>>> print(open('entry-v2.pdb').read())   # PDB, C-alpha atoms and all ligand atoms
MODEL        1
ATOM      1  CA  MET A 178     -36.632 -93.922  76.826
ATOM      2  CA  ALA A 179     -34.857 -96.084  79.370
ATOM      3  CA  GLY A 180     -34.981 -96.095  83.144
ATOM      4  CA  ARG A 181     -38.722 -96.539  83.562
ATOM      5  CA  LEU A 182     -37.970 -98.904  86.468
ATOM      6  CA  GLN A 183     -34.925 -97.064  87.785
ATOM      7  CA  ASP A 184     -34.166 -97.940  91.448
ATOM      8  CA  LYS A 185     -36.791-100.677  91.483
ATOM      9  CA  VAL A 186     -36.496-104.378  92.206
ATOM     10  CA  ALA A 187     -38.581-106.746  90.088
ATOM     11  CA  LEU A 188     -39.331-110.314  91.069
ATOM     12  CA  VAL A 189     -40.400-112.293  88.007
ATOM     13  CA  VAL A 190     -41.887-115.703  88.776
ATOM     14  CA  GLY A 191     -41.683-117.998  85.762
ATOM     15  CA  ALA A 192     -38.818-115.959  84.286
ATOM     16  CA  GLY A 193     -37.552-118.727  82.054
ATOM     17  CA  SER A 194     -39.053-120.087  78.922
ATOM     18  CA  VAL A 195     -40.215-123.590  78.165
ATOM     19  CA  GLY A 196     -38.028-123.721  75.052
ATOM     20  CA  GLU A 197     -35.747-121.694  72.819
ATOM     21  CA  GLY A 198     -36.927-118.178  72.087
ATOM     22  CA  TRP A 199     -38.878-115.671  74.109
ATOM     23  CA  GLY A 200     -41.563-116.610  76.611
ATOM     24  CA  ASN A 201     -43.611-113.930  78.344
ATOM     25  CA  GLY A 202     -41.746-114.077  81.661
ATOM     26  CA  LYS A 203     -38.326-114.143  80.042
ATOM     27  CA  ALA A 204     -39.130-111.108  77.873
ATOM     28  CA  ALA A 205     -40.592-109.229  80.868
ATOM     29  CA  ALA A 206     -37.515-109.947  82.998
ATOM     30  CA  VAL A 207     -35.156-108.748  80.253
ATOM     31  CA  LEU A 208     -37.263-105.664  79.479
ATOM     32  CA  TYR A 209     -37.485-104.747  83.181
ATOM     33  CA  ALA A 210     -33.695-104.979  83.432
ATOM     34  CA  ARG A 211     -33.315-102.828  80.293
ATOM     35  CA  GLU A 212     -35.455-100.260  82.106
ATOM     36  CA  ARG A 213     -32.917-100.467  84.960
ATOM     37  CA  ALA A 214     -34.761-102.663  87.446
ATOM     38  CA  LYS A 215     -32.699-105.108  89.438
ATOM     39  CA  VAL A 216     -34.293-108.436  88.581
ATOM     40  CA  TYR A 217     -34.789-111.608  90.558
ATOM     41  CA  ALA A 218     -35.597-114.267  87.956
ATOM     42  CA  ALA A 219     -37.219-117.356  89.477
ATOM     43  CA  ASP A 220     -38.294-120.502  87.697
ATOM     44  CA  ILE A 221     -38.919-124.158  88.453
ATOM     45  CA  ASN A 222     -36.367-124.804  85.713
ATOM     46  CA  ARG A 223     -33.261-123.201  87.205
ATOM     47  CA  PRO A 224     -31.169-123.360  84.003
ATOM     48  CA  ALA A 225     -33.972-121.442  82.255
ATOM     49  CA  ALA A 226     -33.830-118.719  84.944
ATOM     50  CA  GLU A 227     -30.046-118.674  84.641
ATOM     51  CA  GLU A 228     -30.309-118.258  80.883
ATOM     52  CA  THR A 229     -32.547-115.221  81.383
ATOM     53  CA  CYS A 230     -30.061-113.798  83.887
ATOM     54  CA  GLY A 231     -27.212-114.459  81.480
ATOM     55  CA  ILE A 232     -28.968-112.368  78.827
ATOM     56  CA  ILE A 233     -29.566-109.560  81.334
ATOM     57  CA  GLU A 234     -26.003-109.566  82.619
ATOM     58  CA  GLY A 235     -24.696-109.748  79.053
ATOM     59  CA  GLU A 236     -26.524-106.465  78.402
ATOM     60  CA  GLY A 237     -25.013-104.893  81.523
ATOM     61  CA  GLY A 238     -28.086-105.373  83.732
ATOM     62  CA  VAL A 239     -28.424-106.778  87.231
ATOM     63  CA  CYS A 240     -30.079-110.146  87.828
ATOM     64  CA  THR A 241     -30.140-112.986  90.335
ATOM     65  CA  ALA A 242     -31.450-116.416  89.323
ATOM     66  CA  GLY A 243     -33.387-118.628  91.691
ATOM     67  CA  SER A 244     -35.394-121.818  91.587
ATOM     68  CA  VAL A 245     -38.943-121.997  92.842
ATOM     69  CA  ASP A 246     -41.986-124.174  92.607
ATOM     70  CA  ALA A 247     -44.621-121.461  92.443
ATOM     71  CA  THR A 248     -47.303-123.885  93.654
ATOM     72  CA  ASP A 249     -45.486-124.673  96.912
ATOM     73  CA  SER A 250     -45.774-122.205  99.781
ATOM     74  CA  ALA A 251     -42.426-123.005 101.459
ATOM     75  CA  SER A 252     -40.638-122.751  98.134
ATOM     76  CA  VAL A 253     -42.292-119.388  97.356
ATOM     77  CA  ALA A 254     -41.440-118.073 100.849
ATOM     78  CA  ALA A 255     -37.806-119.074 100.320
ATOM     79  CA  MET A 256     -37.780-117.309  96.926
ATOM     80  CA  VAL A 257     -39.111-114.101  98.483
ATOM     81  CA  ASP A 258     -36.536-114.297 101.293
ATOM     82  CA  ALA A 259     -33.768-114.810  98.744
ATOM     83  CA  CYS A 260     -34.932-111.816  96.705
ATOM     84  CA  LEU A 261     -35.092-109.635  99.816
ATOM     85  CA  ALA A 262     -31.660-110.882 100.908
ATOM     86  CA  ALA A 263     -30.239-109.996  97.494
ATOM     87  CA  TYR A 264     -31.853-106.585  97.022
ATOM     88  CA  GLY A 265     -33.630-105.563 100.243
ATOM     89  CA  ARG A 266     -37.000-104.811  98.647
ATOM     90  CA  ILE A 267     -39.553-105.906  96.034
ATOM     91  CA  ASP A 268     -41.213-103.164  93.996
ATOM     92  CA  VAL A 269     -42.618-105.259  91.171
ATOM     93  CA  LEU A 270     -44.013-108.764  91.319
ATOM     94  CA  GLN A 271     -44.716-110.414  87.971
ATOM     95  CA  ASN A 272     -46.764-113.604  88.266
ATOM     96  CA  ASN A 273     -46.178-115.276  84.937
ATOM     97  CA  VAL A 274     -46.425-118.992  85.740
ATOM     98  CA  GLY A 275     -49.228-120.760  83.912
ATOM     99  CA  GLY A 276     -50.333-123.012  81.129
ATOM    100  CA  SER A 277     -53.300-124.976  79.842
ATOM    101  CA  GLU A 278     -54.385-128.601  79.923
ATOM    102  CA  PRO A 279     -56.771-130.122  77.406
ATOM    103  CA  GLY A 280     -60.201-131.388  78.324
ATOM    104  CA  GLY A 281     -63.620-130.572  79.683
ATOM    105  CA  PRO A 282     -65.072-131.702  83.018
ATOM    106  CA  VAL A 283     -65.707-135.238  81.806
ATOM    107  CA  GLU A 284     -62.364-135.899  80.102
ATOM    108  CA  MET A 285     -60.103-134.139  82.602
ATOM    109  CA  SER A 286     -58.957-136.049  85.665
ATOM    110  CA  GLU A 287     -59.412-134.503  89.078
ATOM    111  CA  GLU A 288     -55.627-134.567  89.514
ATOM    112  CA  THR A 289     -55.114-132.562  86.321
ATOM    113  CA  TRP A 290     -57.799-130.085  87.370
ATOM    114  CA  ASP A 291     -56.201-129.556  90.783
ATOM    115  CA  ALA A 292     -52.689-129.237  89.372
ATOM    116  CA  ASN A 293     -53.754-126.794  86.661
ATOM    117  CA  ILE A 294     -55.718-124.598  89.055
ATOM    118  CA  ASP A 295     -52.664-124.581  91.320
ATOM    119  CA  LEU A 296     -50.376-123.649  88.441
ATOM    120  CA  ASN A 297     -52.505-120.769  87.170
ATOM    121  CA  LEU A 298     -54.167-119.463  90.312
ATOM    122  CA  LYS A 299     -52.563-120.719  93.519
ATOM    123  CA  SER A 300     -49.171-119.623  92.162
ATOM    124  CA  ALA A 301     -50.335-115.991  92.154
ATOM    125  CA  PHE A 302     -52.025-116.407  95.549
ATOM    126  CA  LEU A 303     -48.821-117.747  97.117
ATOM    127  CA  ALA A 304     -46.569-115.120  95.584
ATOM    128  CA  CYS A 305     -48.902-112.365  96.801
ATOM    129  CA  LYS A 306     -49.140-113.981 100.242
ATOM    130  CA  HIS A 307     -45.374-113.795 100.684
ATOM    131  CA  VAL A 308     -44.594-110.564  98.810
ATOM    132  CA  LEU A 309     -47.391-108.285 100.056
ATOM    133  CA  PRO A 310     -45.960-107.927 103.603
ATOM    134  CA  ALA A 311     -42.689-106.627 102.112
ATOM    135  CA  MET A 312     -44.583-104.196  99.856
ATOM    136  CA  GLN A 313     -46.613-103.035 102.862
ATOM    137  CA  ARG A 314     -43.441-102.364 104.845
ATOM    138  CA  GLN A 315     -42.034-100.371 101.926
ATOM    139  CA  GLY A 316     -45.273 -98.444 101.469
ATOM    140  CA  GLY A 317     -45.989 -99.555  97.929
ATOM    141  CA  GLY A 318     -45.470-101.879  95.004
ATOM    142  CA  ALA A 319     -46.938-103.097  91.748
ATOM    143  CA  ILE A 320     -48.186-106.597  90.999
ATOM    144  CA  VAL A 321     -48.720-107.771  87.437
ATOM    145  CA  ASN A 322     -50.578-111.046  86.996
ATOM    146  CA  VAL A 323     -50.410-112.746  83.624
ATOM    147  CA  SER A 324     -53.925-113.990  82.942
ATOM    148  CA  SER A 325     -55.244-114.713  79.440
ATOM    149  CA  VAL A 326     -58.091-113.782  77.116
ATOM    150  CA  ALA A 327     -59.210-117.324  77.945
ATOM    151  CA  GLY A 328     -60.300-115.780  81.246
ATOM    152  CA  ILE A 329     -62.996-113.772  79.491
ATOM    153  CA  LYS A 330     -63.790-115.678  76.307
ATOM    154  CA  SER A 331     -63.319-119.028  74.625
ATOM    155  CA  VAL A 332     -61.296-117.935  71.591
ATOM    156  CA  SER A 333     -59.458-121.057  70.514
ATOM    157  CA  GLY A 334     -62.431-123.381  70.235
ATOM    158  CA  ARG A 335     -60.550-125.877  72.392
ATOM    159  CA  ASN A 336     -61.775-127.547  75.530
ATOM    160  CA  MET A 337     -59.526-126.505  78.386
ATOM    161  CA  VAL A 338     -61.898-126.040  81.266
ATOM    162  CA  SER A 339     -59.345-125.617  84.038
ATOM    163  CA  TYR A 340     -57.454-122.968  82.055
ATOM    164  CA  HIS A 341     -60.567-120.896  81.399
ATOM    165  CA  ALA A 342     -61.684-121.203  85.000
ATOM    166  CA  SER A 343     -58.319-120.391  86.563
ATOM    167  CA  LYS A 344     -57.470-117.487  84.257
ATOM    168  CA  ALA A 345     -60.938-116.024  84.933
ATOM    169  CA  GLY A 346     -60.305-116.529  88.652
ATOM    170  CA  LEU A 347     -57.001-114.699  88.335
ATOM    171  CA  ILE A 348     -58.780-111.630  86.963
ATOM    172  CA  GLN A 349     -61.093-111.416  89.963
ATOM    173  CA  PHE A 350     -58.231-112.327  92.328
ATOM    174  CA  THR A 351     -56.371-109.326  90.887
ATOM    175  CA  LYS A 352     -59.303-107.002  91.594
ATOM    176  CA  ALA A 353     -59.764-108.312  95.136
ATOM    177  CA  VAL A 354     -56.082-107.807  95.998
ATOM    178  CA  ALA A 355     -56.044-104.402  94.304
ATOM    179  CA  MET A 356     -58.989-103.144  96.330
ATOM    180  CA  GLN A 357     -57.712-104.521  99.635
ATOM    181  CA  TYR A 358     -54.389-102.673  99.222
ATOM    182  CA  VAL A 359     -55.566 -99.619  97.278
ATOM    183  CA  LYS A 360     -54.879 -97.213 100.170
ATOM    184  CA  GLN A 361     -51.429 -98.643 100.793
ATOM    185  CA  GLY A 362     -49.816 -97.710  97.497
ATOM    186  CA  ILE A 363     -49.886-101.249  96.213
ATOM    187  CA  ARG A 364     -51.342-101.657  92.737
ATOM    188  CA  CYS A 365     -52.440-104.981  91.308
ATOM    189  CA  ASN A 366     -53.328-105.434  87.637
ATOM    190  CA  CYS A 367     -53.412-108.163  85.079
ATOM    191  CA  VAL A 368     -52.419-108.567  81.475
ATOM    192  CA  LEU A 369     -54.559-110.727  79.205
ATOM    193  CA  PRO A 370     -52.492-112.010  76.290
ATOM    194  CA  GLY A 371     -54.366-113.346  73.303
ATOM    195  CA  LEU A 372     -52.760-115.891  71.014
ATOM    196  CA  MET A 373     -49.024-115.308  71.298
ATOM    197  CA  ASN A 374     -46.212-117.042  69.452
ATOM    198  CA  THR A 375     -44.022-118.121  72.363
ATOM    199  CA  PRO A 376     -42.042-121.349  72.851
ATOM    200  CA  LEU A 377     -45.057-122.670  74.752
ATOM    201  CA  VAL A 378     -46.848-122.991  71.409
ATOM    202  CA  THR A 379     -44.149-125.074  69.761
ATOM    203  CA  HIS A 380     -43.254-127.108  72.829
ATOM    204  CA  ARG A 381     -46.540-127.746  74.582
ATOM    205  CA  ILE A 382     -49.629-126.578  72.701
ATOM    206  CA  ALA A 383     -48.711-128.312  69.416
ATOM    207  CA  ARG A 384     -48.181-131.574  71.304
ATOM    208  CA  GLN A 385     -51.282-131.239  73.482
ATOM    209  CA  TYR A 386     -53.744-130.238  70.791
ATOM    210  CA  ASP A 387     -52.310-131.006  67.298
ATOM    211  CA  ASP A 388     -50.325-134.274  67.602
ATOM    212  CA  GLY A 389     -47.056-132.339  67.643
ATOM    213  CA  LYS A 390     -47.655-130.695  64.249
ATOM    214  CA  VAL A 391     -46.005-127.365  65.062
ATOM    215  CA  GLN A 392     -46.453-125.591  61.726
ATOM    216  CA  GLU A 393     -50.120-126.573  61.682
ATOM    217  CA  THR A 394     -50.590-125.160  65.184
ATOM    218  CA  ILE A 395     -48.861-121.906  64.239
ATOM    219  CA  ALA A 396     -50.885-121.563  61.031
ATOM    220  CA  LYS A 397     -54.167-122.236  62.842
ATOM    221  CA  ARG A 398     -53.384-119.732  65.576
ATOM    222  CA  ASP A 399     -52.239-117.062  63.075
ATOM    223  CA  ALA A 400     -55.448-117.551  61.100
ATOM    224  CA  MET A 401     -57.569-117.004  64.225
ATOM    225  CA  CYS A 402     -56.023-113.549  64.818
ATOM    226  CA  PRO A 403     -57.649-110.461  63.221
ATOM    227  CA  THR A 404     -54.171-109.198  62.222
ATOM    228  CA  GLY A 405     -53.391-112.541  60.565
ATOM    229  CA  LYS A 406     -50.519-113.124  63.002
ATOM    230  CA  MET A 407     -50.120-114.041  66.636
ATOM    231  CA  GLY A 408     -48.523-111.533  68.974
ATOM    232  CA  ASP A 409     -45.255-112.236  70.726
ATOM    233  CA  ALA A 410     -43.750-112.154  74.200
ATOM    234  CA  TRP A 411     -42.577-108.542  73.779
ATOM    235  CA  ASP A 412     -46.147-107.377  73.280
ATOM    236  CA  VAL A 413     -46.977-108.847  76.680
ATOM    237  CA  ALA A 414     -43.758-107.539  78.218
ATOM    238  CA  TYR A 415     -44.345-103.921  77.106
ATOM    239  CA  ALA A 416     -47.912-103.963  78.449
ATOM    240  CA  SER A 417     -46.598-105.391  81.717
ATOM    241  CA  LEU A 418     -43.881-102.741  81.862
ATOM    242  CA  PHE A 419     -46.473 -99.979  81.731
ATOM    243  CA  LEU A 420     -48.453-101.553  84.579
ATOM    244  CA  ALA A 421     -45.279-102.169  86.598
ATOM    245  CA  SER A 422     -43.964 -98.628  86.186
ATOM    246  CA  ASP A 423     -44.986 -95.408  87.937
ATOM    247  CA  GLU A 424     -46.562 -94.279  84.653
ATOM    248  CA  ALA A 425     -49.474 -96.459  85.748
ATOM    249  CA  LYS A 426     -49.656 -94.883  89.224
ATOM    250  CA  TYR A 427     -53.428 -94.362  88.900
ATOM    251  CA  VAL A 428     -54.075 -97.727  87.262
ATOM    252  CA  THR A 429     -55.128-100.562  89.518
ATOM    253  CA  ALA A 430     -57.576-103.475  89.488
ATOM    254  CA  THR A 431     -57.645-103.432  85.721
ATOM    255  CA  GLN A 432     -57.131-105.911  82.923
ATOM    256  CA  LEU A 433     -55.013-104.911  79.953
ATOM    257  CA  ILE A 434     -55.917-106.976  76.904
ATOM    258  CA  VAL A 435     -53.028-107.633  74.497
ATOM    259  CA  ASP A 436     -54.687-109.608  71.733
ATOM    260  CA  GLY A 437     -54.575-107.680  68.430
ATOM    261  CA  GLY A 438     -58.348-107.297  68.617
ATOM    262  CA  LEU A 439     -59.077-111.001  68.993
ATOM    263  CA  THR A 440     -61.728-110.570  71.685
ATOM    264  CA  ALA A 441     -63.323-107.527  70.047
TER     265      ALA A 441
HETATM  266  N1  LIG B   1     -48.269-118.079  74.916
HETATM  267  C1  LIG B   1     -49.541-117.710  74.813
HETATM  268  O1  LIG B   1     -50.175-117.743  73.758
HETATM  269  C2  LIG B   1     -50.252-117.228  76.043
HETATM  270  C3  LIG B   1     -51.518-116.675  75.899
HETATM  271  C4  LIG B   1     -52.198-116.232  77.021
HETATM  272  C5  LIG B   1     -51.601-116.318  78.260
HETATM  273  N2  LIG B   1     -50.372-116.862  78.377
HETATM  274  C6  LIG B   1     -49.804-116.976  79.716
HETATM  275  O2  LIG B   1     -48.489-116.437  79.752
HETATM  276  C7  LIG B   1     -47.764-117.076  80.785
HETATM  277  C8  LIG B   1     -46.429-117.539  80.304
HETATM  278  O3  LIG B   1     -46.562-118.170  79.104
HETATM  279  P1  LIG B   1     -45.315-118.469  78.196
HETATM  280  O4  LIG B   1     -45.862-118.633  76.832
HETATM  281  O5  LIG B   1     -44.237-117.481  78.412
HETATM  282  O6  LIG B   1     -44.892-119.903  78.789
HETATM  283  P2  LIG B   1     -43.552-120.612  79.173
HETATM  284  O7  LIG B   1     -44.001-121.996  79.539
HETATM  285  O8  LIG B   1     -42.518-120.471  78.112
HETATM  286  O9  LIG B   1     -43.035-119.874  80.468
HETATM  287  C9  LIG B   1     -43.474-120.185  81.731
HETATM  288  C10 LIG B   1     -42.290-120.441  82.649
HETATM  289  O10 LIG B   1     -42.838-120.831  83.907
HETATM  290  C11 LIG B   1     -42.069-121.897  84.411
HETATM  291  N3  LIG B   1     -42.860-122.696  85.337
HETATM  292  C12 LIG B   1     -43.774-123.645  85.039
HETATM  293  N4  LIG B   1     -44.264-124.174  86.171
HETATM  294  C13 LIG B   1     -43.674-123.533  87.208
HETATM  295  C14 LIG B   1     -43.781-123.629  88.614
HETATM  296  N5  LIG B   1     -44.602-124.487  89.207
HETATM  297  N6  LIG B   1     -43.019-122.805  89.365
HETATM  298  C15 LIG B   1     -42.157-121.923  88.792
HETATM  299  N7  LIG B   1     -42.017-121.802  87.460
HETATM  300  C16 LIG B   1     -42.760-122.588  86.672
HETATM  301  C17 LIG B   1     -41.618-122.692  83.208
HETATM  302  O11 LIG B   1     -40.459-123.449  83.508
HETATM  303  C18 LIG B   1     -41.376-121.579  82.189
HETATM  304  O12 LIG B   1     -40.030-121.158  82.194
HETATM  305  C19 LIG B   1     -48.644-118.214  81.299
HETATM  306  O13 LIG B   1     -49.304-117.796  82.480
HETATM  307  C20 LIG B   1     -49.642-118.398  80.167
HETATM  308  O14 LIG B   1     -50.858-118.952  80.595
HETATM  309  C21 LIG B   1     -49.679-117.323  77.300
ENDMDL
END
>>> encode(input="entry-v2.pdb", output="structure tokens")
Amino acid sequence: MAGRLQDKVALVVGAGSVGEGWGNGKAAAVLYARERAKVYAADINRPAAEETCGIIEGEGGVCTAGSVDATDSASVAAMVDACLAAYGRIDVLQNNVGGSEPGGPVEMSEETWDANIDLNLKSAFLACKHVLPAMQRQGGGAIVNVSSVAGIKSVSGRNMVSYHASKAGLIQFTKAVAMQYVKQGIRCNCVLPGLMNTPLVTHRIARQYDDGKVQETIAKRDAMCPTGKMGDAWDVAYASLFLASDEAKYVTATQLIVDGGLTA
């Protein structure tokens, strides 16, 4: 089945990937294009967004790459303007930007706390602030926020207080936006990935939590999963696709857990 996003425009924020392979935003952008959406792929790392676009165009899809700092309002406004200039509308907004920082309240600096809350929570706030007026004018749209199971449970046994707090905040942010716009045809949902094997694990998590020992990090994370293996970016992308598509027309304010049973 293809064409689940036929005639739609999808803005994916954080559409690159921190390293080689498939991150959640990159996979979502490519999958949306395969389902015939026109994609605007934005990332703070422009070459990463361009790489995603290159994959899409190589498969015959339509994509525009842009740079954005998702934590900066002027930058987000410019991204939204550029997307509207390119395609005239925004039907799907995927807020994928995020990441964790190690530490509890005592170890973590105030600067790290502020920056991490901005990365995981303000990024979605700003994108919604600038995209919702366009969706209102169009009479509808679908927002997919990428939260985490860390927003409902401490699964990894690691101290990352700002990540837990901001991903939990994103879940309630999602519900608040969903209910405010429920009569206007705008749906807002979130996906809660569990432990996924994305480039973030090899590039950032291994360094932050395991002294750069990548194989050890992968083995530990696999062992924590009930299936014996982490999920991957496509698992998150397919769940997002459902929420982004009209198949989910009666689904709003919800959280779709993609964790292989980890939180059960
Ligand atoms: N990988 C996992 O196990 C996992 C689990 C749960 C939730 N998540 C969530 O999934 C999302 C994406 O994770 P991923 O594994 O694909 O990570 P990733 O780091 O590969 O992708 C995130 C992208 O966002 C971009 N980005 C970072 N800061 C930005 C900013 N300020 N403005 C614009 N772009 C910015 C990065 O350049 C990168 O291309 C995050 O929100 C993360 O918290 C991941």
>>> residues_around(input="entry-v2.pdb", residues="Leu296 of chain A", least_positions_apart="4", cutoff="12 Å", atoms="all atoms listed in the file", output="PDB file with C-alpha atoms, keeping the file's coordinate frame")
ATOM      1  CA  VAL A 190     -41.887-115.703  88.776  1.00  0.00           C
ATOM      2  CA  GLY A 191     -41.683-117.998  85.762  1.00  0.00           C
ATOM      3  CA  ILE A 221     -38.919-124.158  88.453  1.00  0.00           C
ATOM      4  CA  ASP A 246     -41.986-124.174  92.607  1.00  0.00           C
ATOM      5  CA  ALA A 247     -44.621-121.461  92.443  1.00  0.00           C
ATOM      6  CA  THR A 248     -47.303-123.885  93.654  1.00  0.00           C
ATOM      7  CA  ASP A 249     -45.486-124.673  96.912  1.00  0.00           C
ATOM      8  CA  ASN A 272     -46.764-113.604  88.266  1.00  0.00           C
ATOM      9  CA  ASN A 273     -46.178-115.276  84.937  1.00  0.00           C
ATOM     10  CA  VAL A 274     -46.425-118.992  85.740  1.00  0.00           C
ATOM     11  CA  GLY A 275     -49.228-120.760  83.912  1.00  0.00           C
ATOM     12  CA  GLY A 276     -50.333-123.012  81.129  1.00  0.00           C
ATOM     13  CA  SER A 277     -53.300-124.976  79.842  1.00  0.00           C
ATOM     14  CA  GLU A 278     -54.385-128.601  79.923  1.00  0.00           C
ATOM     15  CA  THR A 289     -55.114-132.562  86.321  1.00  0.00           C
ATOM     16  CA  TRP A 290     -57.799-130.085  87.370  1.00  0.00           C
ATOM     17  CA  ASP A 291     -56.201-129.556  90.783  1.00  0.00           C
ATOM     18  CA  ALA A 292     -52.689-129.237  89.372  1.00  0.00           C
ATOM     19  CA  SER A 300     -49.171-119.623  92.162  1.00  0.00           C
ATOM     20  CA  ALA A 301     -50.335-115.991  92.154  1.00  0.00           C
ATOM     21  CA  PHE A 302     -52.025-116.407  95.549  1.00  0.00           C
ATOM     22  CA  LEU A 303     -48.821-117.747  97.117  1.00  0.00           C
ATOM     23  CA  ALA A 304     -46.569-115.120  95.584  1.00  0.00           C
ATOM     24  CA  VAL A 323     -50.410-112.746  83.624  1.00  0.00           C
ATOM     25  CA  SER A 324     -53.925-113.990  82.942  1.00  0.00           C
ATOM     26  CA  SER A 339     -59.345-125.617  84.038  1.00  0.00           C
ATOM     27  CA  TYR A 340     -57.454-122.968  82.055  1.00  0.00           C
ATOM     28  CA  SER A 343     -58.319-120.391  86.563  1.00  0.00           C
ATOM     29  CA  LYS A 344     -57.470-117.487  84.257  1.00  0.00           C
ATOM     30  CA  LEU A 347     -57.001-114.699  88.335  1.00  0.00           C
TER      31      LEU A 347
END
>>> resolve_selection(input="entry-v2.pdb", expression="the PyMOL selection byres (((chain A and resi 224) around 12) and not hetatm)", output="JSON, numbers by chain")
{"A": [191, 192, 193, 194, 195, 196, 218, 219, 220, 221, 222, 223, 225, 226, 227, 228, 229, 230, 231, 242, 243, 244, 245]}
>>> residues_near_point(input="entry-v2.pdb", point="(-40.9, -110.7, 91.4)", cutoff="10 Å", atoms="only C-alpha atoms", output="PDB file with C-alpha atoms, keeping the file's coordinate frame")
ATOM      1  CA  VAL A 186     -36.496-104.378  92.206  1.00  0.00           C
ATOM      2  CA  ALA A 187     -38.581-106.746  90.088  1.00  0.00           C
ATOM      3  CA  LEU A 188     -39.331-110.314  91.069  1.00  0.00           C
ATOM      4  CA  VAL A 189     -40.400-112.293  88.007  1.00  0.00           C
ATOM      5  CA  VAL A 190     -41.887-115.703  88.776  1.00  0.00           C
ATOM      6  CA  GLY A 191     -41.683-117.998  85.762  1.00  0.00           C
ATOM      7  CA  ALA A 192     -38.818-115.959  84.286  1.00  0.00           C
ATOM      8  CA  ALA A 206     -37.515-109.947  82.998  1.00  0.00           C
ATOM      9  CA  VAL A 216     -34.293-108.436  88.581  1.00  0.00           C
ATOM     10  CA  TYR A 217     -34.789-111.608  90.558  1.00  0.00           C
ATOM     11  CA  ALA A 218     -35.597-114.267  87.956  1.00  0.00           C
ATOM     12  CA  ALA A 219     -37.219-117.356  89.477  1.00  0.00           C
ATOM     13  CA  MET A 256     -37.780-117.309  96.926  1.00  0.00           C
ATOM     14  CA  VAL A 257     -39.111-114.101  98.483  1.00  0.00           C
ATOM     15  CA  CYS A 260     -34.932-111.816  96.705  1.00  0.00           C
ATOM     16  CA  ILE A 267     -39.553-105.906  96.034  1.00  0.00           C
ATOM     17  CA  ASP A 268     -41.213-103.164  93.996  1.00  0.00           C
ATOM     18  CA  VAL A 269     -42.618-105.259  91.171  1.00  0.00           C
ATOM     19  CA  LEU A 270     -44.013-108.764  91.319  1.00  0.00           C
ATOM     20  CA  GLN A 271     -44.716-110.414  87.971  1.00  0.00           C
ATOM     21  CA  ASN A 272     -46.764-113.604  88.266  1.00  0.00           C
ATOM     22  CA  ASN A 273     -46.178-115.276  84.937  1.00  0.00           C
ATOM     23  CA  ALA A 304     -46.569-115.120  95.584  1.00  0.00           C
ATOM     24  CA  CYS A 305     -48.902-112.365  96.801  1.00  0.00           C
ATOM     25  CA  VAL A 308     -44.594-110.564  98.810  1.00  0.00           C
ATOM     26  CA  ALA A 319     -46.938-103.097  91.748  1.00  0.00           C
ATOM     27  CA  ILE A 320     -48.186-106.597  90.999  1.00  0.00           C
ATOM     28  CA  VAL A 321     -48.720-107.771  87.437  1.00  0.00           C
TER      29      VAL A 321
END
>>> atom_distance(input="entry-v2.pdb", atom1="atom CA of Val283 of chain A", atom2="atom CA of Ile382 of chain A")
20.4 Å
>>> atom_distance(input="entry-v2.pdb", atom1="atom CA of Met373 of chain A", atom2="atom CA of Ala425 of chain A")
23.8 Å
>>> axis_aligned_box(input="entry-v2.pdb", around="ligand LIG 1 (chain B)", padding_each_side="8 Å", output="JSON")
{"center_x": -46.1, "center_y": -120.4, "center_z": 81.6, "size_x": 28.2, "size_y": 24.3, "size_z": 31.6}
>>> resolve_selection(input="entry-v2.pdb", expression="the PyMOL selection byres (((chain A and resi 333) around 10) and not hetatm)", output="list in words")
Val326, Ala327, Lys330, Ser331, Val332, Gly334, Arg335, Asn336, Met337, Gly371, Leu372, Lys397, Arg398 and Met401 of chain A
>>> closest_residue(input="entry-v2.pdb", among="A:Val338, A:Leu182, A:Met407, A:Val413", to="Thr394 of chain A", atoms="only C-alpha atoms")
A:Met407
>>> resolve_selection(input="entry-v2.pdb", expression="the PyMOL selection byres (((chain A and resi 215) around 8) and not hetatm)", output="ChimeraX atom specification")
/A:184-187,209-210,213-214,216-217,238-240,264
>>> residues_near_point(input="entry-v2.pdb", point="(-53.9, -94.8, 91.9)", cutoff="9 Å", atoms="all atoms listed in the file", output="list in words")
Val359, Lys360, Gly362, Ile363, Arg364, Ala425, Lys426, Tyr427, Val428 and Thr429 of chain A
